[in-house]
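Chemist: File follows, my_file.cif with mmCIF, C-alpha atoms:
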```
data_start
loop_
_atom_site.label_atom_id
_atom_site.label_comp_id
_atom_site.auth_asym_id
_atom_site.auth_seq_id
_atom_site.Cartn_x
_atom_site.Cartn_y
_atom_site.Cartn_z
CA MET M 1 -78.16 46.74 7.82
CA ASN M 2 -75.45 49.27 7.14
CA SER M 3 -72.41 49.04 4.92
CA ASN M 4 -70.50 46.99 7.52
CA ASN M 5 -73.18 44.43 7.56
CA PHE M 6 -73.65 44.92 11.30
CA ASP M 7 -76.86 46.00 12.77
CA LEU M 8 -76.33 49.14 14.83
CA ASN M 9 -79.08 48.13 17.17
CA SER M 10 -77.63 44.64 17.68
CA ALA M 11 -75.86 43.70 20.99
CA VAL M 12 -72.84 42.64 18.84
CA ASN M 13 -71.43 45.29 16.57
CA ARG M 14 -67.94 46.10 15.24
CA ARG M 15 -67.06 48.70 17.93
CA ARG M 16 -68.22 46.47 20.77
CA PHE M 17 -66.26 43.58 19.23
CA PHE M 18 -62.97 45.55 19.37
CA LEU M 19 -63.65 46.85 22.88
CA THR M 20 -64.46 43.44 24.29
CA GLY M 21 -61.59 41.75 22.45
CA GLY M 22 -58.99 44.35 23.58
CA PHE M 23 -60.05 44.08 27.22
CA ALA M 24 -59.80 40.30 27.10
CA ILE M 25 -56.25 40.40 25.67
CA ALA M 26 -55.06 42.95 28.26
CA THR M 27 -56.54 41.00 31.17
CA THR M 28 -55.03 37.73 29.98
CA THR M 29 -51.56 39.33 29.68
CA LEU M 30 -51.79 40.81 33.18
CA LEU M 31 -52.90 37.54 34.74
CA ALA M 32 -50.15 35.68 32.92
CA ALA M 33 -47.54 38.08 34.25
CA CYS M 34 -48.78 37.79 37.84
CA GLY M 35 -49.65 34.15 37.79
CA LYS M 36 -47.60 31.12 38.82
CA GLY M 37 -45.76 29.39 36.06
CA PRO M 38 -42.35 28.22 34.92
CA GLN M 39 -41.12 31.85 34.56
CA SER M 40 -42.34 32.77 38.02
CA PRO M 41 -41.56 30.19 40.67
CA GLN M 42 -43.76 30.17 43.71
CA GLY M 43 -43.01 32.99 46.15
CA GLU M 44 -40.64 34.96 43.90
CA PHE M 45 -41.09 38.10 41.89
CA PRO M 46 -40.51 37.75 38.16
CA ARG M 47 -36.93 38.74 37.30
CA ILE M 48 -34.94 39.53 34.22
CA GLY M 49 -31.42 38.10 34.32
CA VAL M 50 -29.62 36.12 37.04
CA VAL M 51 -29.27 37.46 40.59
CA PRO M 52 -26.63 35.78 42.76
CA PRO M 53 -27.96 34.46 46.05
CA THR M 54 -27.01 36.44 49.18
CA THR M 55 -26.04 35.08 52.59
CA GLY M 56 -26.83 37.25 55.59
CA LEU M 57 -24.41 37.67 58.49
CA PRO M 58 -25.09 35.58 61.59
CA ASP M 59 -26.84 37.35 64.44
CA GLY M 60 -24.43 39.20 66.72
CA ALA M 61 -25.07 40.84 70.07
CA PRO M 62 -22.70 43.21 71.88
CA THR M 63 -22.05 40.88 74.80
CA ASP M 64 -19.25 41.37 77.31
CA GLU M 65 -17.09 39.02 75.25
CA VAL M 66 -17.73 40.94 72.05
CA LEU M 67 -16.92 44.26 73.73
CA LEU M 68 -13.66 42.92 75.14
CA ARG M 69 -12.74 41.35 71.78
CA THR M 70 -13.40 44.67 70.07
CA ALA M 71 -11.27 46.50 72.64
CA THR M 72 -8.49 43.98 72.01
CA SER M 73 -8.74 44.59 68.27
CA LEU M 74 -8.30 48.31 68.86
CA GLU M 75 -5.14 47.61 70.85
CA PHE M 76 -3.80 45.72 67.81
CA ASN M 77 -4.72 48.66 65.59
CA ALA M 78 -2.51 50.83 67.78
CA ILE M 79 0.32 48.26 67.92
CA ASP M 80 0.34 47.84 64.12
CA THR M 81 0.20 51.59 63.53
CA TYR M 82 3.09 52.27 65.90
CA LYS M 83 5.12 49.52 64.19
CA LYS M 84 4.51 51.15 60.80
CA VAL M 85 5.32 54.60 62.15
CA LEU M 86 8.58 53.41 63.72
CA ALA M 87 9.58 51.83 60.40
CA LEU M 88 9.23 55.17 58.60
CA GLY M 89 12.47 56.43 60.13
CA LEU M 90 11.01 59.82 61.01
CA PHE M 91 12.31 59.93 64.56
CA THR M 92 15.80 61.25 63.96
CA GLY M 93 17.73 64.30 65.16
CA SER M 94 15.65 66.41 67.53
CA ALA M 95 12.80 63.88 67.27
CA SER M 96 14.93 60.90 68.35
CA GLY M 97 13.47 61.02 71.88
CA THR M 98 10.01 60.49 70.44
CA ALA M 99 10.95 56.98 69.34
CA ALA M 100 11.32 55.98 73.01
CA VAL M 101 7.84 57.33 73.72
CA VAL M 102 6.34 55.48 70.76
CA ASN M 103 8.09 52.26 71.81
CA ARG M 104 6.76 52.61 75.35
CA PHE M 105 3.21 53.21 74.06
CA LYS M 106 3.48 50.19 71.77
CA ALA M 107 4.62 48.05 74.70
CA ASP M 108 1.70 49.34 76.78
CA HIS M 109 -0.78 48.40 74.06
CA GLU M 110 0.76 44.94 73.83
CA ALA M 111 0.31 44.59 77.60
CA HIS M 112 -3.29 45.82 77.34
CA ALA M 113 -4.08 43.31 74.57
CA LYS M 114 -2.56 40.52 76.64
CA ALA M 115 -4.56 41.56 79.71
CA LEU M 116 -7.81 41.67 77.74
CA SER M 117 -7.13 38.29 76.15
CA GLY M 118 -6.46 36.94 79.64
CA ILE M 119 -9.84 38.18 80.87
CA ILE M 120 -11.60 36.65 77.84
CA THR M 121 -9.79 33.32 78.22
CA GLU M 122 -10.51 33.21 81.96
CA ALA M 123 -14.19 33.56 81.15
CA LYS M 124 -13.89 30.72 78.60
CA GLY M 125 -14.35 33.06 75.66
CA GLU M 126 -12.48 33.12 72.36
CA THR M 127 -9.80 35.78 72.03
CA PHE M 128 -9.48 38.09 69.02
CA GLU M 129 -5.83 38.92 68.53
CA CYS M 130 -5.64 41.07 65.45
CA ALA M 131 -6.48 44.59 64.33
CA ASN M 132 -10.04 45.74 63.68
CA GLU M 133 -10.46 45.75 59.89
CA GLN M 134 -13.18 48.36 59.96
CA ILE M 135 -11.03 50.78 61.99
CA ASN M 136 -8.15 50.19 59.56
CA LYS M 137 -10.42 50.80 56.59
CA LEU M 138 -12.18 53.87 57.95
CA TYR M 139 -9.42 55.69 59.79
CA ILE M 140 -5.91 54.28 59.81
CA ASN M 141 -5.38 53.47 56.14
CA PRO M 142 -6.79 56.83 54.96
CA ALA M 143 -4.65 58.58 57.59
CA LEU M 144 -1.48 56.81 56.47
CA ASP M 145 -2.35 57.62 52.83
CA LEU M 146 -2.61 61.29 53.76
CA ILE M 147 0.74 61.19 55.56
CA LEU M 148 2.73 59.04 53.13
CA GLY M 149 0.82 59.79 49.93
CA ASN M 150 -0.95 57.38 47.61
CA LYS M 151 -0.18 57.74 43.88
CA ASP M 152 -3.05 55.50 42.81
CA ALA M 153 -5.54 57.62 44.73
CA GLY M 154 -3.88 60.88 43.66
CA ILE M 155 -2.92 61.82 47.22
CA ALA M 156 0.31 63.78 47.65
CA PRO M 157 2.47 63.01 50.69
CA SER M 158 2.30 65.35 53.66
CA ASP M 159 4.85 68.15 53.89
CA THR M 160 4.93 67.72 57.70
CA PRO M 161 4.92 63.92 58.21
CA LEU M 162 6.30 63.98 61.76
CA ASP M 163 3.63 66.43 62.95
CA ASP M 164 0.98 64.31 61.25
CA VAL M 165 2.23 61.10 62.83
CA MET M 166 1.97 62.75 66.25
CA ALA M 167 -1.54 63.98 65.45
CA LEU M 168 -2.57 60.48 64.32
CA ALA M 169 -1.10 58.95 67.49
CA LEU M 170 -3.02 61.45 69.62
CA GLY M 171 -6.20 60.60 67.71
CA LEU M 172 -5.71 56.85 68.18
CA GLU M 173 -4.95 57.13 71.90
CA THR M 174 -7.99 59.36 72.40
CA LEU M 175 -10.11 56.91 70.41
CA ALA M 176 -8.95 54.02 72.57
CA ALA M 177 -9.62 55.95 75.79
CA GLU M 178 -13.10 56.94 74.60
CA THR M 179 -13.89 53.37 73.58
CA TYR M 180 -13.23 51.99 77.05
CA GLN M 181 -15.27 54.78 78.61
CA PHE M 182 -18.14 54.16 76.18
CA TYR M 183 -18.09 50.40 76.77
CA VAL M 184 -18.56 50.86 80.53
CA SER M 185 -22.21 51.61 79.83
CA MET M 186 -22.52 48.34 77.85
CA LEU M 187 -20.52 45.92 80.01
CA SER M 188 -22.76 44.00 82.38
CA GLN M 189 -20.29 43.18 85.14
CA PRO M 190 -18.76 45.83 87.44
CA LYS M 191 -15.40 44.04 87.59
CA LEU M 192 -15.15 44.13 83.78
CA ARG M 193 -16.01 47.85 83.77
CA ALA M 194 -13.18 48.49 86.24
CA ALA M 195 -10.74 46.38 84.23
CA ALA M 196 -11.67 48.24 81.05
CA MET M 197 -11.30 51.67 82.61
CA GLY M 198 -7.99 50.68 84.19
CA ILE M 199 -6.73 50.37 80.62
CA GLY M 200 -8.69 53.37 79.36
CA GLU M 201 -7.11 55.56 82.01
CA GLN M 202 -3.65 54.60 80.73
CA GLU M 203 -4.66 55.49 77.18
CA SER M 204 -5.71 58.89 78.52
CA ARG M 205 -2.27 59.40 79.99
CA HIS M 206 -0.77 58.53 76.62
CA ALA M 207 -3.03 61.16 75.05
CA ALA M 208 -1.98 63.75 77.63
CA VAL M 209 1.72 63.10 76.95
CA LEU M 210 1.18 63.40 73.19
CA ALA M 211 -0.88 66.57 73.56
CA GLN M 212 1.92 68.15 75.58
CA ALA M 213 4.46 67.06 72.98
CA ILE M 214 2.40 68.68 70.19
CA ASN M 215 1.29 71.75 72.13
CA PRO M 216 3.79 72.18 74.98
CA GLY M 217 3.74 74.38 78.05
CA ILE M 218 1.02 75.90 80.18
CA ALA M 219 -1.00 76.95 77.13
CA GLY M 220 -1.29 73.32 76.06
CA ILE M 221 -2.71 71.97 79.31
CA GLY M 222 -6.26 73.36 79.20
CA PRO M 223 -8.54 73.84 76.19
CA SER M 224 -7.64 76.54 73.64
CA THR M 225 -8.42 77.44 70.04
CA ASN M 226 -6.06 77.85 67.10
CA LYS M 227 -6.38 81.48 66.00
CA ASP M 228 -5.61 80.66 62.35
CA THR M 229 -7.86 77.65 61.82
CA GLY M 230 -10.48 78.21 64.53
CA LYS M 231 -10.11 74.55 65.52
CA PRO M 232 -9.37 73.31 69.06
CA ASN M 233 -5.68 72.92 69.88
CA PRO M 234 -4.52 69.61 71.34
CA ALA M 235 -4.91 69.83 75.13
CA ALA M 236 -3.50 67.59 77.85
CA VAL M 237 -6.71 67.96 79.86
CA PRO M 238 -9.47 69.17 77.54
CA GLY M 239 -12.25 69.20 80.15
CA PRO M 240 -13.55 67.96 83.51
CA PHE M 241 -15.07 64.78 82.03
CA GLY M 242 -13.89 62.30 79.44
CA SER M 243 -15.48 63.08 76.09
CA LEU M 244 -17.34 60.56 73.95
CA GLY M 245 -17.52 62.87 70.93
CA SER M 246 -15.93 62.37 67.54
CA ILE M 247 -12.19 63.02 67.33
CA ALA M 248 -11.03 65.37 64.58
CA VAL M 249 -7.51 64.70 63.26
CA SER M 250 -6.04 67.06 60.66
CA LEU M 251 -3.50 65.39 58.37
CA GLY M 252 -1.80 65.55 55.00
CA LYS M 253 -0.47 68.12 52.59
CA LYS M 254 -1.95 71.56 53.11
CA SER M 255 -4.39 72.79 50.51
CA GLU M 256 -3.94 76.13 48.75
CA ALA M 257 -6.14 77.63 51.45
CA GLY M 258 -3.69 76.31 54.06
CA ASN M 259 -5.96 73.59 55.43
CA LYS M 260 -5.21 69.94 56.02
CA THR M 261 -7.74 67.16 55.48
CA THR M 262 -9.72 66.39 58.62
CA LEU M 263 -10.56 62.80 59.58
CA ASN M 264 -13.32 62.33 62.14
CA MET M 265 -12.83 59.23 64.25
CA GLU M 266 -15.56 57.64 66.33
CA THR M 267 -15.62 54.78 68.84
CA PRO M 268 -16.36 51.36 67.30
CA SER M 269 -20.10 50.88 67.24
CA LEU M 270 -22.33 47.94 66.33
CA ASN M 271 -21.05 47.74 62.74
CA SER M 272 -17.39 47.59 63.81
CA MET M 273 -17.41 45.08 66.63
CA ALA M 274 -15.49 41.81 66.78
CA TYR M 275 -18.53 39.54 67.11
CA GLU M 276 -18.14 35.91 68.15
CA TYR M 277 -18.34 34.74 64.53
CA ALA M 278 -15.54 37.10 63.41
CA LYS M 279 -12.13 35.48 62.92
CA CYS M 280 -8.69 36.98 62.42
CA SER M 281 -7.65 36.49 58.79
CA MET B 1 -17.48 33.06 77.86
CA SER B 2 -20.46 32.74 80.16
CA ALA B 3 -23.88 33.26 78.62
CA PRO B 4 -25.01 36.89 78.65
CA THR B 5 -27.29 37.77 81.50
CA THR B 6 -30.89 38.41 80.61
CA THR B 7 -31.33 40.90 83.43
CA ALA B 8 -30.24 44.42 82.54
CA PRO B 9 -28.18 46.16 85.22
CA PRO B 10 -30.06 48.88 87.12
CA LYS B 11 -29.80 52.42 85.81
CA GLN B 12 -30.10 54.38 89.04
CA PRO B 13 -27.62 53.82 91.89
CA THR B 14 -28.72 51.02 94.20
CA LYS B 15 -28.70 51.42 98.00
CA SER B 16 -25.25 49.91 98.24
CA ASP B 17 -24.06 52.06 95.30
CA ILE B 18 -25.19 55.20 97.12
CA ALA B 19 -22.97 54.57 100.15
CA ILE B 20 -19.93 54.07 97.88
CA LEU B 21 -20.68 57.09 95.72
CA GLN B 22 -21.21 59.25 98.82
CA PHE B 23 -17.64 58.45 99.83
CA ALA B 24 -16.38 59.41 96.36
CA HIS B 25 -18.40 62.62 96.52
CA GLY B 26 -16.96 63.59 99.91
CA ILE B 27 -13.42 63.02 98.62
CA GLU B 28 -14.08 65.12 95.50
CA LEU B 29 -15.37 68.00 97.65
CA ALA B 30 -12.24 67.74 99.82
CA MET B 31 -10.02 67.72 96.71
CA THR B 32 -11.66 70.94 95.56
CA ALA B 33 -10.85 72.55 98.90
CA LEU B 34 -7.28 71.22 98.87
CA TYR B 35 -6.66 72.62 95.38
CA ALA B 36 -7.97 76.01 96.55
CA LYS B 37 -5.53 75.93 99.50
CA ALA B 38 -2.64 75.04 97.23
CA SER B 39 -3.53 77.68 94.65
CA ALA B 40 -3.10 80.37 97.30
CA VAL B 41 0.56 79.49 97.85
CA ALA B 42 1.65 78.25 94.40
CA GLY B 43 3.74 80.10 91.82
CA LYS B 44 2.10 81.61 88.74
CA ASP B 45 2.31 78.65 86.36
CA LEU B 46 1.39 76.01 88.92
CA LYS B 47 -1.45 78.20 90.20
CA THR B 48 -2.96 78.24 86.70
CA VAL B 49 -2.86 74.45 86.61
CA LEU B 50 -4.16 74.01 90.15
CA ASP B 51 -7.07 76.37 89.50
CA LEU B 52 -7.98 74.43 86.33
CA PHE B 53 -7.79 71.04 88.02
CA GLY B 54 -9.58 72.28 91.16
CA GLY B 55 -12.40 73.44 88.88
CA HIS B 56 -12.54 69.96 87.35
CA HIS B 57 -12.90 68.35 90.78
CA LEU B 58 -15.66 70.81 91.64
CA ALA B 59 -17.52 69.90 88.42
CA GLN B 60 -17.06 66.21 89.19
CA ALA B 61 -18.34 66.70 92.77
CA GLN B 62 -21.34 68.60 91.45
CA SER B 63 -22.15 65.82 88.99
CA LEU B 64 -21.93 63.20 91.72
CA ALA B 65 -24.25 65.38 93.84
CA GLY B 66 -26.65 65.56 90.91
CA LEU B 67 -26.61 61.79 90.57
CA LEU B 68 -27.12 61.17 94.28
CA GLY B 69 -29.70 63.90 94.82
CA ARG B 70 -30.84 64.01 98.45
CA SER B 71 -28.44 61.18 99.26
CA SER B 72 -25.34 63.18 98.31
CA ALA B 73 -22.65 63.95 100.89
CA THR B 74 -23.45 67.24 102.56
CA THR B 75 -19.87 68.13 103.37
CA GLN B 76 -16.37 67.28 102.24
CA ASN B 77 -14.66 64.25 103.76
CA ALA B 78 -13.19 65.96 106.83
CA SER B 79 -10.70 63.24 107.77
CA PHE B 80 -9.31 63.18 104.24
CA TYR B 81 -9.03 66.97 104.13
CA THR B 82 -7.30 67.09 107.51
CA ALA B 83 -4.82 64.41 106.49
CA PHE B 84 -3.59 66.36 103.46
CA VAL B 85 -4.24 70.05 104.12
CA ILE B 86 -0.76 70.81 105.47
CA ALA B 87 1.03 69.11 102.57
CA ALA B 88 -1.34 70.82 100.13
CA SER B 89 -0.69 74.31 101.43
CA SER B 90 3.03 74.44 102.01
CA GLY B 91 6.33 73.69 100.35
CA SER B 92 7.84 74.50 96.99
CA ASP B 93 5.95 74.22 93.72
CA THR B 94 7.70 70.94 93.03
CA GLU B 95 6.62 69.57 96.40
CA LEU B 96 3.06 70.83 95.96
CA ALA B 97 2.84 69.23 92.53
CA GLY B 98 4.25 66.01 94.01
CA THR B 99 1.54 66.03 96.69
CA PHE B 100 -1.23 66.44 94.12
CA LEU B 101 0.36 63.90 91.77
CA SER B 102 0.14 61.38 94.58
CA LEU B 103 -3.43 62.41 95.42
CA GLU B 104 -4.59 62.16 91.81
CA ASN B 105 -2.98 58.74 91.35
CA SER B 106 -4.68 57.46 94.50
CA LEU B 107 -7.97 59.00 93.42
CA VAL B 108 -7.78 57.17 90.07
CA LYS B 109 -7.34 53.90 91.97
CA THR B 110 -10.19 54.86 94.33
CA HIS B 111 -12.61 55.51 91.47
CA LEU B 112 -11.55 52.29 89.72
CA GLY B 113 -12.42 50.51 92.96
CA VAL B 114 -15.78 52.27 93.04
CA LEU B 115 -16.43 51.29 89.42
CA GLY B 116 -15.65 47.67 90.24
CA ILE B 117 -18.37 47.55 92.89
CA ILE B 118 -21.31 49.73 91.90
CA THR B 119 -23.96 48.16 89.69
CA GLY B 120 -26.06 51.13 88.50
CA THR B 121 -25.10 52.20 85.00
CA ASP B 122 -25.70 55.94 85.57
CA GLY B 123 -23.14 55.98 88.37
CA ALA B 124 -20.76 53.76 86.42
CA GLN B 125 -20.86 56.05 83.40
CA LEU B 126 -20.22 59.12 85.51
CA VAL B 127 -17.30 57.57 87.38
CA ALA B 128 -15.92 56.25 84.09
CA SER B 129 -15.94 59.79 82.69
CA ILE B 130 -14.04 61.10 85.74
CA ILE B 131 -11.25 58.49 85.83
CA PRO B 132 -9.47 59.40 82.56
CA VAL B 133 -9.44 63.09 83.46
CA GLN B 134 -7.78 62.44 86.80
CA GLY B 135 -5.24 60.25 85.00
CA ARG B 136 -4.52 63.20 82.73
CA HIS B 137 -4.18 65.47 85.79
CA ALA B 138 -1.56 63.09 87.15
CA ALA B 139 0.33 63.04 83.85
CA VAL B 140 0.56 66.85 83.83
CA LEU B 141 1.41 67.16 87.53
CA ALA B 142 4.26 64.67 87.12
CA GLY B 143 6.05 67.22 84.96
CA PHE B 144 5.62 69.97 87.57
CA ALA B 145 6.83 67.55 90.25
CA GLY B 146 10.11 67.14 88.38
CA LYS B 147 9.33 63.61 87.20
CA LYS B 148 10.81 63.32 83.74
CA GLY B 149 10.80 59.58 83.20
CA LEU B 150 7.94 58.11 81.17
CA GLY B 151 7.35 55.55 83.89
CA ASP B 152 6.79 58.34 86.44
CA ILE B 153 4.12 59.83 84.20
CA LEU B 154 2.39 56.68 82.96
CA ASP B 155 2.66 54.17 85.79
CA ASN B 156 0.40 54.30 88.80
CA ALA B 157 1.42 52.24 91.79
CA ALA B 158 -0.63 54.32 94.24
CA LYS B 159 -3.09 52.78 96.67
CA PRO B 160 -6.76 53.76 96.73
CA PHE B 161 -8.32 55.79 99.53
CA ASP B 162 -10.67 53.78 101.70
CA THR B 163 -13.48 54.45 104.11
CA LYS B 164 -11.65 52.92 107.05
CA THR B 165 -8.74 55.35 106.78
CA TYR B 166 -10.90 58.31 105.77
CA PRO B 167 -14.37 57.89 107.27
CA ALA B 168 -16.84 60.54 106.16
#
```
Step by step, read the file and then write its structure as structure tokens.
Modeler:
Amino acid sequence: MNSNNFDLNSAVNRRRFFLTGGFAIATTTLLAACGKGPQSPQGEFPRIGVVPPTTGLPDGAPTDEVLLRTATSLEFNAIDTYKKVLALGLFTGSASGTAAVVNRFKADHEAHAKALSGIITEAKGETFECANEQINKLYINPALDLILGNKDAGIAPSDTPLDDVMALALGLETLAAETYQFYVSMLSQPKLRAAAMGIGEQESRHAAVLAQAINPGIAGIGPSTNKDTGKPNPAAVPGPFGSLGSIAVSLGKKSEAGNKTTLNMETPSLNSMAYEYAKCS
Amino acid sequence: MSAPTTTAPPKQPTKSDIAILQFAHGIELAMTALYAKASAVAGKDLKTVLDLFGGHHLAQAQSLAGLLGRSSATTQNASFYTAFVIAASSGSDTELAGTFLSLENSLVKTHLGVLGIITGTDGAQLVASIIPVQGRHAAVLAGFAGKKGLGDILDNAAKPFDTKTYPA
């Protein structure tokens, strides 16, 4: 016997007692944490605090109806934007003729929206007669903030609002034209492809008119580059095929370096479509 | 709306697509030749535009040839070329521009007709990329043709070219 009254040669001594006891406590704690019990309902991980339940979006597929609804929503984006632009009162003096152009474009977009809704209704689908929220959020609202300024966001108004409005209009018309061209590859029926491109072709003409208004004359017909910024100038006919690339629109007050903010617009993809479950608010 | 089809449209042009796209190809080749004729007699500014647009039609014809491969048209549409070669190589710049404005508008309608028939998605995508450019051509040519009204630039009441009138 030693001073601890434990026999060193015994199977149970003080050191072994602590080792065995510690292992048992650790194992019990681990099993309790992983096991089923009131704190850990079946099938759930243990949590601290309250997590609100989430509801997933319904399944959506880019069917012909969805594509046509999305195209309609883009027409309403253009209609709403032109309405806002006309209300700004920018088209005065030498720019008074531009108001007639904007009014004609707005009327064309209204006719396009009506035509698309007619196609959807004829096919017993549900129309979508309002602007695309995602396009507003991503492109149009930021663009209007850059043109008109937004005190809350610390954005100063543009020093060339008329030029910027024209640039935005060119961007929107190009976006619409590209969207119809892009959707041809997704539409299943040839007659719908033709109907879509019949509208897309008109948007392209709008874009050509705007490009000539911004960059007039022979130099503005084909592609060219701005010597100061190194960016492409607006062109009435930028190339032999319709582009599907992103559309860069420079807007807002110039920075100290002389640059405007550039917005890159892209055709509405899967996360921006007017699926069957989407409703106009 | 009707339930979505479960059969994906074909990618390559079908047999019936090929015949339609051959017609479009022959017209594009003829347009290239007509633009070259016009460029030789046009004034400086219009010549610049005609050369640019003629180049676009050549690129479009080449892409259609690439799509059709061995089935592509071997020559331009002769009846179409013959029908327009005099108007495309004579007259004032305004008249020349008017001729090509009319041709481009009809070509837009022709390609829209093609798009409404063909089923292969490769051909549809290519034709869809050509249509807006020819619409832009028309918008520019309207200015050279002395058309100042927005309706003259934006509206297209032209009739499409067809195989009965212009057999290959």
Chemist: To test your reading of the syntax: which residues would the PyMOL selection byres ((chain B and resi 36-49) around 10) return for the file shown? Reply as an NGL selection string.
Modeler: (:M and (217-219 or 221-222)) or (:B and (30-35 or 50-55 or 85-94 or 96-97 or 99-100 or 137 or 140-141 or 144))
Chemist: Please identify all residues of chain B having at least one atom at most 9 Å from any atom of chain M, considering all atoms listed in the file, and return them as a ChimeraX atom specification.
Modeler: /B:1-5,8-9,45-46,48-49,52-53,55-60,108-109,111-119,121-122,124-126,128-140,150,153-155
Chemist: Could you write out as a ChimeraX atom specification the residues that the PyMOL selection byres ((chain B and resi 76) around 7) matches in the shown file?
Modeler: /B:26-27,29-30,75,77-78
Chemist: Just checking: using only C-alpha atoms, which residue out of M:Gly49, M:Pro142, M:Gly118, M:Gly230 ends up closest to Thr72 in chain M?
Modeler: M:Gly118
Chemist: In Å to one decimal, how far is CA of Leu74 in chain M from CA of Ala131 in chain M?
Modeler: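 Separation between CA of Ala131 in chain M and CA of Leu74 in chain M: 6.1 Å.
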Chemist: For a test of reading the model, state the distance in Å between CA of Phe128 in chain M and CA of Leu67 in chain M, rounded to one decimal.
Modeler: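 So the two atoms, CA of Phe128 in chain M and CA of Leu67 in chain M, lie 10.8 Å apart.
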Chemist: What does the distance between CA of Asn264 in chain M and CA of Pro157 in chain M come to in Å, to one decimal place?
Modeler: 19.5 Å
Chemist: Check what the PyMOL selection byres ((chain M and resi 103) around 12) selects in the file above and give those residues as a list in words.
Modeler: Ala78, Ile79, Asp80, Thr81, Tyr82, Lys83, Lys84, Val85, Leu86, Ala87, Phe91, Ser96, Gly97, Thr98, Ala99, Ala100, Val101, Val102, Arg104, Phe105, Lys106, Ala107, Asp108, His109, Glu110 and His206 of chain M; Leu150 of chain B
Chemist: Compare B:Ala61, B:Leu101, B:Ala73, B:Ile18 by their minimum atom-to-atom distance to Asp152 in chain B, counting all atoms listed in the file, and give me the closest one.
Modeler: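 Residue with the minimum atom-to-atom distance to Asp152 in chain B: B:Leu101.
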